[in-house]
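*Asks:* One file: structure.txt (compact mmCIF, N, CA and C atoms).
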# COMPACT_ATOMS: atom_id res chain seq x y z
N TYR A 1 -4.48 8.62 -24.26
CA TYR A 1 -5.57 9.06 -23.41
C TYR A 1 -6.82 9.15 -24.25
N ASN A 2 -7.97 9.28 -23.60
CA ASN A 2 -9.24 9.45 -24.31
C ASN A 2 -9.66 10.90 -24.26
N ASP A 3 -9.84 11.48 -25.41
CA ASP A 3 -10.28 12.87 -25.50
C ASP A 3 -11.80 12.87 -25.62
N PHE A 4 -12.45 13.36 -24.57
CA PHE A 4 -13.91 13.36 -24.55
C PHE A 4 -14.49 14.64 -25.13
N GLY A 5 -13.65 15.61 -25.44
CA GLY A 5 -14.13 16.86 -26.04
C GLY A 5 -15.21 17.48 -25.19
N ASP A 6 -16.29 17.82 -25.81
CA ASP A 6 -17.40 18.47 -25.11
C ASP A 6 -18.52 17.50 -24.75
N GLU A 7 -18.29 16.21 -24.92
CA GLU A 7 -19.33 15.22 -24.64
C GLU A 7 -19.69 15.20 -23.16
N CYS A 8 -20.95 14.90 -22.86
CA CYS A 8 -21.44 14.80 -21.48
C CYS A 8 -22.17 13.48 -21.32
N GLY A 9 -22.39 13.10 -20.08
CA GLY A 9 -23.21 11.92 -19.79
C GLY A 9 -22.41 10.66 -19.65
N LYS A 10 -23.10 9.61 -19.21
CA LYS A 10 -22.46 8.33 -18.94
C LYS A 10 -22.09 7.57 -20.21
N ALA A 11 -22.81 7.75 -21.27
CA ALA A 11 -22.60 6.97 -22.49
C ALA A 11 -21.55 7.57 -23.42
N ARG A 12 -20.88 8.60 -23.00
CA ARG A 12 -19.92 9.26 -23.89
C ARG A 12 -18.75 8.33 -24.23
N LYS A 13 -18.25 8.48 -25.42
CA LYS A 13 -17.11 7.68 -25.88
C LYS A 13 -16.03 8.65 -26.33
N GLY A 14 -14.84 8.42 -25.81
CA GLY A 14 -13.74 9.29 -26.18
C GLY A 14 -13.06 8.84 -27.45
N VAL A 15 -12.25 9.73 -27.98
CA VAL A 15 -11.45 9.44 -29.15
C VAL A 15 -10.02 9.24 -28.66
N LYS A 16 -9.40 8.11 -29.02
CA LYS A 16 -8.02 7.87 -28.60
C LYS A 16 -7.12 8.93 -29.22
N ALA A 17 -6.28 9.51 -28.37
CA ALA A 17 -5.35 10.55 -28.82
C ALA A 17 -4.03 10.35 -28.09
N SER A 18 -2.99 10.96 -28.58
CA SER A 18 -1.70 10.88 -27.89
C SER A 18 -1.20 12.29 -27.64
N LEU A 19 -0.26 12.38 -26.74
CA LEU A 19 0.24 13.67 -26.28
C LEU A 19 1.71 13.50 -25.95
N GLU A 20 2.55 14.41 -26.40
CA GLU A 20 3.97 14.34 -26.08
C GLU A 20 4.23 15.23 -24.87
N VAL A 21 4.90 14.66 -23.87
CA VAL A 21 5.18 15.40 -22.64
C VAL A 21 6.63 15.18 -22.21
N ASP A 22 7.13 16.06 -21.36
CA ASP A 22 8.49 15.93 -20.84
C ASP A 22 8.51 15.09 -19.56
N VAL A 23 7.45 15.13 -18.79
CA VAL A 23 7.39 14.46 -17.51
C VAL A 23 6.03 13.81 -17.33
N VAL A 24 6.04 12.60 -16.76
CA VAL A 24 4.80 11.93 -16.39
C VAL A 24 4.86 11.69 -14.89
N ILE A 25 3.83 12.12 -14.18
CA ILE A 25 3.75 11.89 -12.74
C ILE A 25 2.61 10.91 -12.50
N GLY A 26 2.98 9.75 -11.97
CA GLY A 26 1.97 8.75 -11.64
C GLY A 26 1.73 8.79 -10.15
N ALA A 27 0.64 9.34 -9.73
CA ALA A 27 0.30 9.45 -8.31
C ALA A 27 -0.76 8.42 -7.95
N ASP A 28 -0.55 7.21 -8.43
CA ASP A 28 -1.57 6.17 -8.22
C ASP A 28 -1.07 5.01 -7.37
N GLY A 29 -0.10 5.26 -6.51
CA GLY A 29 0.29 4.28 -5.50
C GLY A 29 1.44 3.37 -5.88
N ALA A 30 1.77 2.48 -4.95
CA ALA A 30 2.93 1.60 -5.10
C ALA A 30 2.76 0.60 -6.24
N ASN A 31 1.56 0.19 -6.52
CA ASN A 31 1.31 -0.73 -7.63
C ASN A 31 0.82 0.06 -8.84
N SER A 32 1.54 1.10 -9.16
CA SER A 32 1.16 2.09 -10.16
C SER A 32 0.91 1.52 -11.55
N ARG A 33 -0.26 1.73 -12.04
CA ARG A 33 -0.61 1.36 -13.40
C ARG A 33 0.11 2.28 -14.39
N VAL A 34 0.25 3.54 -13.98
CA VAL A 34 0.95 4.51 -14.83
C VAL A 34 2.40 4.07 -15.01
N ALA A 35 3.08 3.70 -13.92
CA ALA A 35 4.47 3.25 -14.01
C ALA A 35 4.60 2.04 -14.92
N LYS A 36 3.67 1.11 -14.83
CA LYS A 36 3.71 -0.07 -15.70
C LYS A 36 3.48 0.33 -17.16
N ASP A 37 2.51 1.21 -17.40
CA ASP A 37 2.19 1.61 -18.76
C ASP A 37 3.33 2.34 -19.45
N ILE A 38 4.12 3.09 -18.71
CA ILE A 38 5.24 3.82 -19.33
C ILE A 38 6.56 3.07 -19.15
N ASP A 39 6.48 1.83 -18.65
CA ASP A 39 7.65 0.99 -18.45
C ASP A 39 8.72 1.71 -17.63
N ALA A 40 8.30 2.19 -16.45
CA ALA A 40 9.19 2.97 -15.58
C ALA A 40 10.24 2.11 -14.90
N GLY A 41 10.11 0.79 -14.95
CA GLY A 41 11.10 -0.08 -14.33
C GLY A 41 10.77 -0.37 -12.88
N ASP A 42 11.72 -1.01 -12.21
CA ASP A 42 11.54 -1.38 -10.82
C ASP A 42 11.86 -0.21 -9.90
N TYR A 43 11.22 -0.19 -8.76
CA TYR A 43 11.50 0.84 -7.76
C TYR A 43 11.26 0.26 -6.38
N GLU A 44 11.93 0.83 -5.41
CA GLU A 44 11.79 0.39 -4.03
C GLU A 44 10.48 0.90 -3.44
N TYR A 45 9.95 0.16 -2.52
CA TYR A 45 8.75 0.59 -1.80
C TYR A 45 8.86 0.12 -0.35
N ALA A 46 8.16 0.81 0.50
CA ALA A 46 8.10 0.42 1.91
C ALA A 46 6.82 -0.38 2.13
N ILE A 47 6.83 -1.17 3.18
CA ILE A 47 5.58 -1.80 3.62
C ILE A 47 5.20 -1.12 4.93
N ALA A 48 3.96 -0.71 5.02
CA ALA A 48 3.44 -0.12 6.26
C ALA A 48 2.43 -1.09 6.84
N PHE A 49 2.49 -1.25 8.14
CA PHE A 49 1.60 -2.18 8.84
C PHE A 49 1.05 -1.44 10.05
N GLN A 50 -0.25 -1.50 10.25
CA GLN A 50 -0.81 -0.86 11.45
C GLN A 50 -2.03 -1.62 11.94
N GLU A 51 -2.26 -1.43 13.23
CA GLU A 51 -3.45 -1.99 13.87
C GLU A 51 -4.28 -0.82 14.38
N ARG A 52 -5.53 -0.82 14.03
CA ARG A 52 -6.45 0.17 14.59
C ARG A 52 -6.97 -0.42 15.88
N MET A 53 -6.80 0.34 16.97
CA MET A 53 -7.13 -0.18 18.30
C MET A 53 -8.09 0.74 19.04
N LYS A 54 -9.08 0.14 19.63
CA LYS A 54 -9.98 0.85 20.54
C LYS A 54 -9.34 0.73 21.92
N ILE A 55 -8.99 1.87 22.50
CA ILE A 55 -8.36 1.86 23.82
C ILE A 55 -9.32 2.49 24.82
N PRO A 56 -9.12 2.21 26.12
CA PRO A 56 -10.02 2.79 27.12
C PRO A 56 -10.07 4.31 27.02
N GLU A 57 -11.21 4.86 27.37
CA GLU A 57 -11.47 6.30 27.24
C GLU A 57 -10.41 7.16 27.94
N ASP A 58 -9.98 6.75 29.14
CA ASP A 58 -8.97 7.55 29.85
C ASP A 58 -7.64 7.57 29.09
N LYS A 59 -7.31 6.47 28.43
CA LYS A 59 -6.09 6.42 27.63
C LYS A 59 -6.28 7.20 26.32
N MET A 60 -7.48 7.17 25.77
CA MET A 60 -7.78 7.93 24.55
C MET A 60 -7.64 9.42 24.81
N GLU A 61 -7.97 9.85 26.00
CA GLU A 61 -7.86 11.26 26.38
C GLU A 61 -6.41 11.75 26.22
N TYR A 62 -5.44 10.88 26.51
CA TYR A 62 -4.02 11.21 26.37
C TYR A 62 -3.70 11.64 24.94
N TYR A 63 -4.36 11.01 23.96
CA TYR A 63 -4.09 11.28 22.55
C TYR A 63 -4.98 12.38 21.97
N LYS A 64 -5.75 13.04 22.82
CA LYS A 64 -6.66 14.08 22.34
C LYS A 64 -5.95 15.14 21.51
N ASP A 65 -4.78 15.57 21.95
CA ASP A 65 -4.04 16.63 21.27
C ASP A 65 -2.63 16.21 20.88
N ARG A 66 -2.40 14.92 20.68
CA ARG A 66 -1.04 14.52 20.33
C ARG A 66 -1.03 13.25 19.49
N ALA A 67 0.05 13.11 18.76
CA ALA A 67 0.37 11.89 18.03
C ALA A 67 1.81 11.53 18.41
N GLU A 68 2.16 10.27 18.31
CA GLU A 68 3.51 9.87 18.69
C GLU A 68 4.21 9.22 17.49
N MET A 69 5.50 9.54 17.36
CA MET A 69 6.35 8.91 16.35
C MET A 69 7.58 8.38 17.07
N TYR A 70 8.00 7.19 16.68
CA TYR A 70 9.12 6.52 17.31
C TYR A 70 10.15 6.12 16.26
N VAL A 71 11.42 6.17 16.64
CA VAL A 71 12.49 5.64 15.80
C VAL A 71 13.35 4.71 16.64
N GLY A 72 14.05 3.82 16.00
CA GLY A 72 14.94 2.89 16.69
C GLY A 72 14.85 1.52 16.06
N GLU A 73 15.91 0.75 16.22
CA GLU A 73 16.00 -0.59 15.62
C GLU A 73 14.88 -1.52 16.08
N ASP A 74 14.31 -1.28 17.25
CA ASP A 74 13.25 -2.16 17.74
C ASP A 74 11.92 -1.93 17.03
N VAL A 75 11.73 -0.75 16.43
CA VAL A 75 10.47 -0.44 15.76
C VAL A 75 10.59 -0.36 14.23
N SER A 76 11.81 -0.18 13.73
CA SER A 76 12.08 -0.20 12.29
C SER A 76 13.55 0.10 12.04
N PRO A 77 14.17 -0.64 11.13
CA PRO A 77 15.57 -0.38 10.85
C PRO A 77 15.80 0.86 9.99
N ASP A 78 14.74 1.37 9.34
CA ASP A 78 14.94 2.44 8.38
C ASP A 78 13.74 3.38 8.22
N PHE A 79 12.75 3.24 9.04
CA PHE A 79 11.51 4.00 8.90
C PHE A 79 11.16 4.53 10.27
N TYR A 80 9.93 4.68 10.57
CA TYR A 80 9.49 5.12 11.90
C TYR A 80 8.24 4.33 12.27
N ALA A 81 7.88 4.43 13.52
CA ALA A 81 6.64 3.81 13.99
C ALA A 81 5.76 4.92 14.56
N TRP A 82 4.49 4.64 14.79
CA TRP A 82 3.57 5.70 15.18
C TRP A 82 2.42 5.19 16.03
N VAL A 83 1.87 6.12 16.78
CA VAL A 83 0.55 5.97 17.38
C VAL A 83 -0.18 7.26 17.00
N PHE A 84 -1.13 7.15 16.09
CA PHE A 84 -1.89 8.30 15.61
C PHE A 84 -3.33 8.19 16.09
N PRO A 85 -3.84 9.24 16.71
CA PRO A 85 -5.24 9.19 17.13
C PRO A 85 -6.18 9.34 15.93
N LYS A 86 -7.26 8.63 15.99
CA LYS A 86 -8.36 8.75 15.02
C LYS A 86 -9.55 9.25 15.83
N CYS A 87 -10.73 9.27 15.27
CA CYS A 87 -11.89 9.80 16.00
C CYS A 87 -12.12 9.12 17.33
N ASP A 88 -12.24 7.80 17.32
CA ASP A 88 -12.57 7.08 18.55
C ASP A 88 -11.63 5.91 18.82
N HIS A 89 -10.47 5.92 18.18
CA HIS A 89 -9.48 4.85 18.35
C HIS A 89 -8.11 5.39 17.96
N VAL A 90 -7.08 4.54 18.06
CA VAL A 90 -5.74 4.93 17.62
C VAL A 90 -5.26 3.95 16.56
N ALA A 91 -4.34 4.42 15.71
CA ALA A 91 -3.65 3.57 14.75
C ALA A 91 -2.23 3.40 15.27
N VAL A 92 -1.83 2.16 15.45
CA VAL A 92 -0.51 1.82 15.99
C VAL A 92 0.22 1.06 14.89
N GLY A 93 1.32 1.63 14.39
CA GLY A 93 1.95 0.97 13.25
C GLY A 93 3.41 1.29 13.05
N THR A 94 3.96 0.69 11.99
CA THR A 94 5.36 0.86 11.63
C THR A 94 5.53 0.59 10.13
N GLY A 95 6.73 0.78 9.65
CA GLY A 95 7.02 0.51 8.25
C GLY A 95 8.49 0.22 8.05
N THR A 96 8.82 -0.33 6.89
CA THR A 96 10.22 -0.59 6.54
C THR A 96 10.35 -0.79 5.04
N VAL A 97 11.53 -0.45 4.53
CA VAL A 97 11.89 -0.75 3.15
C VAL A 97 12.81 -1.96 3.12
N VAL A 98 13.75 -2.02 4.05
CA VAL A 98 14.84 -3.00 3.98
C VAL A 98 14.55 -4.35 4.62
N ASP A 99 13.51 -4.47 5.44
CA ASP A 99 13.23 -5.74 6.11
C ASP A 99 11.73 -6.01 6.16
N LYS A 100 11.14 -6.13 5.00
CA LYS A 100 9.68 -6.33 4.92
C LYS A 100 9.22 -7.60 5.64
N LYS A 101 10.05 -8.65 5.59
CA LYS A 101 9.67 -9.90 6.26
C LYS A 101 9.69 -9.77 7.78
N GLY A 102 10.36 -8.75 8.30
CA GLY A 102 10.44 -8.55 9.75
C GLY A 102 9.37 -7.62 10.30
N ILE A 103 8.39 -7.26 9.48
CA ILE A 103 7.40 -6.24 9.89
C ILE A 103 6.67 -6.63 11.17
N GLN A 104 6.37 -7.89 11.37
CA GLN A 104 5.67 -8.31 12.59
C GLN A 104 6.52 -8.05 13.84
N LYS A 105 7.83 -8.27 13.71
CA LYS A 105 8.75 -8.03 14.82
C LYS A 105 8.76 -6.54 15.17
N TYR A 106 8.76 -5.67 14.16
CA TYR A 106 8.77 -4.23 14.41
C TYR A 106 7.42 -3.75 14.96
N GLN A 107 6.34 -4.41 14.52
CA GLN A 107 5.03 -4.07 15.08
C GLN A 107 4.99 -4.40 16.57
N GLN A 108 5.58 -5.53 16.92
CA GLN A 108 5.65 -5.88 18.34
C GLN A 108 6.48 -4.84 19.09
N GLY A 109 7.52 -4.32 18.44
CA GLY A 109 8.34 -3.28 19.06
C GLY A 109 7.56 -2.03 19.38
N ILE A 110 6.70 -1.58 18.48
CA ILE A 110 5.90 -0.37 18.76
C ILE A 110 4.84 -0.67 19.80
N ARG A 111 4.27 -1.88 19.76
CA ARG A 111 3.32 -2.26 20.81
C ARG A 111 3.98 -2.22 22.18
N ASP A 112 5.22 -2.73 22.26
CA ASP A 112 5.95 -2.73 23.53
C ASP A 112 6.26 -1.31 24.00
N ARG A 113 6.69 -0.46 23.09
CA ARG A 113 7.04 0.92 23.46
C ARG A 113 5.82 1.70 23.93
N ALA A 114 4.69 1.49 23.28
CA ALA A 114 3.48 2.24 23.60
C ALA A 114 2.61 1.52 24.63
N ALA A 115 3.06 0.40 25.14
CA ALA A 115 2.26 -0.47 26.01
C ALA A 115 1.50 0.25 27.12
N PRO A 116 2.13 1.15 27.88
CA PRO A 116 1.38 1.79 28.96
C PRO A 116 0.16 2.60 28.47
N ARG A 117 0.24 3.10 27.24
CA ARG A 117 -0.83 3.96 26.74
C ARG A 117 -1.87 3.21 25.90
N ILE A 118 -1.53 1.98 25.47
CA ILE A 118 -2.50 1.21 24.67
C ILE A 118 -2.96 -0.06 25.39
N LYS A 119 -2.55 -0.20 26.66
CA LYS A 119 -2.92 -1.37 27.46
C LYS A 119 -4.44 -1.55 27.46
N ASP A 120 -4.87 -2.79 27.39
CA ASP A 120 -6.29 -3.15 27.34
C ASP A 120 -6.97 -2.70 26.05
N GLY A 121 -6.17 -2.39 25.02
CA GLY A 121 -6.75 -2.02 23.73
C GLY A 121 -7.26 -3.24 22.98
N GLU A 122 -8.31 -3.02 22.21
CA GLU A 122 -8.90 -4.08 21.40
C GLU A 122 -8.59 -3.78 19.94
N ILE A 123 -7.99 -4.73 19.25
CA ILE A 123 -7.68 -4.54 17.84
C ILE A 123 -8.97 -4.61 17.02
N LEU A 124 -9.25 -3.52 16.33
CA LEU A 124 -10.45 -3.43 15.51
C LEU A 124 -10.19 -3.92 14.08
N ARG A 125 -8.98 -3.59 13.59
CA ARG A 125 -8.67 -3.93 12.19
C ARG A 125 -7.15 -3.90 12.02
N VAL A 126 -6.66 -4.77 11.19
CA VAL A 126 -5.23 -4.82 10.84
C VAL A 126 -5.12 -4.41 9.38
N GLU A 127 -4.16 -3.53 9.09
CA GLU A 127 -3.98 -3.02 7.72
C GLU A 127 -2.50 -3.10 7.34
N ALA A 128 -2.25 -3.41 6.09
CA ALA A 128 -0.89 -3.39 5.56
C ALA A 128 -0.96 -2.88 4.13
N HIS A 129 -0.01 -1.98 3.78
CA HIS A 129 -0.03 -1.37 2.45
C HIS A 129 1.38 -1.10 1.97
N PRO A 130 1.62 -1.23 0.68
CA PRO A 130 2.90 -0.77 0.14
C PRO A 130 2.87 0.75 0.00
N ILE A 131 4.02 1.38 0.22
CA ILE A 131 4.15 2.83 0.08
C ILE A 131 5.27 3.11 -0.91
N PRO A 132 4.97 3.79 -2.02
CA PRO A 132 6.01 4.04 -3.02
C PRO A 132 7.07 5.02 -2.51
Show this structure as structure tokens.

*Replies:*
Amino acid sequence: YNDFGDECGKARKGVKASLEVDVVIGADGANSRVAKDIDAGDYEYAIAFQERMKIPEDKMEYYKDRAEMYVGEDVSPDFYAWVFPKCDHVAVGTGTVVDKKGIQKYQQGIRDRAAPRIKDGEILRVEAHPIP
């Protein structure tokens, strides 16, 4: 690590130092630089996929005080699917560890399950992320 001591400002330069510890926690995501630096080895991760959708105002009202979570083979073999309200839209998504290549099929499953409440929705953005 770099020990900056009492230095301030943008131009400060740290002194390389080392530290012996019992545990290292890398909270920097599925593509962890910390895990690579300490040679933590391979680990499983999930893929999460969601679509942010603008739905009609009357349907958005339904989600004013609720979020939905779904389970079942049609939406994920080992994870869950969701419809989470955001400020002016909803996030409709799913995830899996064991069948990452099937994520589109599971996304269609959550779309089908939530169809009455997201009908006439416009996809604003599609997102996919690994989850450690």

*Asks:* What's around Val97 in chain A at 8 Å? Count all atoms listed in the file, leave out sequence neighbours fewer than 4 positions away in its own chain, and write the answer as a short mmCIF file (atom, residue, chain, number, x, y, z; two decimals) with N, CA and C atoms, keeping the file's coordinate frame.

*Replies:*
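To be explicit, this is the file written out as around05.cif:
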data_model
loop_
_atom_site.label_atom_id
_atom_site.label_comp_id
_atom_site.auth_asym_id
_atom_site.auth_seq_id
_atom_site.Cartn_x
_atom_site.Cartn_y
_atom_site.Cartn_z
N GLU A 44 11.93 0.83 -5.41
CA GLU A 44 11.79 0.39 -4.03
C GLU A 44 10.48 0.90 -3.44
N TYR A 45 9.95 0.16 -2.52
CA TYR A 45 8.75 0.59 -1.80
C TYR A 45 8.86 0.12 -0.35
N ALA A 46 8.16 0.81 0.50
CA ALA A 46 8.10 0.42 1.91
C ALA A 46 6.82 -0.38 2.13
N ILE A 47 6.83 -1.17 3.18
CA ILE A 47 5.58 -1.80 3.62
C ILE A 47 5.20 -1.12 4.93
N ALA A 48 3.96 -0.71 5.02
CA ALA A 48 3.44 -0.12 6.26
C ALA A 48 2.43 -1.09 6.84
N SER A 76 11.81 -0.18 13.73
CA SER A 76 12.08 -0.20 12.29
C SER A 76 13.55 0.10 12.04
N PRO A 77 14.17 -0.64 11.13
CA PRO A 77 15.57 -0.38 10.85
C PRO A 77 15.80 0.86 9.99
N ASP A 78 14.74 1.37 9.34
CA ASP A 78 14.94 2.44 8.38
C ASP A 78 13.74 3.38 8.22
N PHE A 79 12.75 3.24 9.04
CA PHE A 79 11.51 4.00 8.90
C PHE A 79 11.16 4.53 10.27
N LYS A 101 10.05 -8.65 5.59
CA LYS A 101 9.67 -9.90 6.26
C LYS A 101 9.69 -9.77 7.78
#

*Asks:* Could you check the closest approach to Ile131 in chain A for each of A:Asp39, A:Phe84, A:Asp58, A:Gly95 and tell me which residue wins, using only C-alpha atoms?

*Replies:* A:Gly95

*Asks:* In terms of the shortest atom-to-atom distance over only N, CA and C atoms, which of A:Ile103, A:Ile110, A:Met69, A:Met60 is closest to Asp88 in chain A?

*Replies:*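 Once distances to Asp88 in chain A are computed over only N, CA and C atoms, the minimum belongs to A:Met60.
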
*Asks:* Taking all atoms listed in the file into account, which of A:Ile123, A:Ala128, A:Ala81, A:Ala91 comes nearest Tyr106 in chain A?

*Replies:* A:Ala81

*Asks:* Nearest to Pro56 in chain A: which of A:Arg33, A:Arg117, A:Lys86, A:Lys16 is it, counting only N, CA and C atoms?

*Replies:*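 Going through A:Arg33, A:Arg117, A:Lys86, A:Lys16 one by one, the smallest distance to Pro56 in chain A is for A:Arg117.
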
*Asks:* Could you tell me which of A:Ala67, A:Val75, A:Val23, A:Ala40 comes closest to Thr94 in chain A if we count all atoms listed in the file?

*Replies:* A:Val75

*Asks:* Choose the residue, out of A:Tyr63, A:Lys54, A:Val98, A:Arg12, that has the smallest atom-to-atom separation from Pro85 in chain A; count all atoms listed in the file.

*Replies:*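 Selected residue with least distance to Pro85 in chain A: A:Tyr63.
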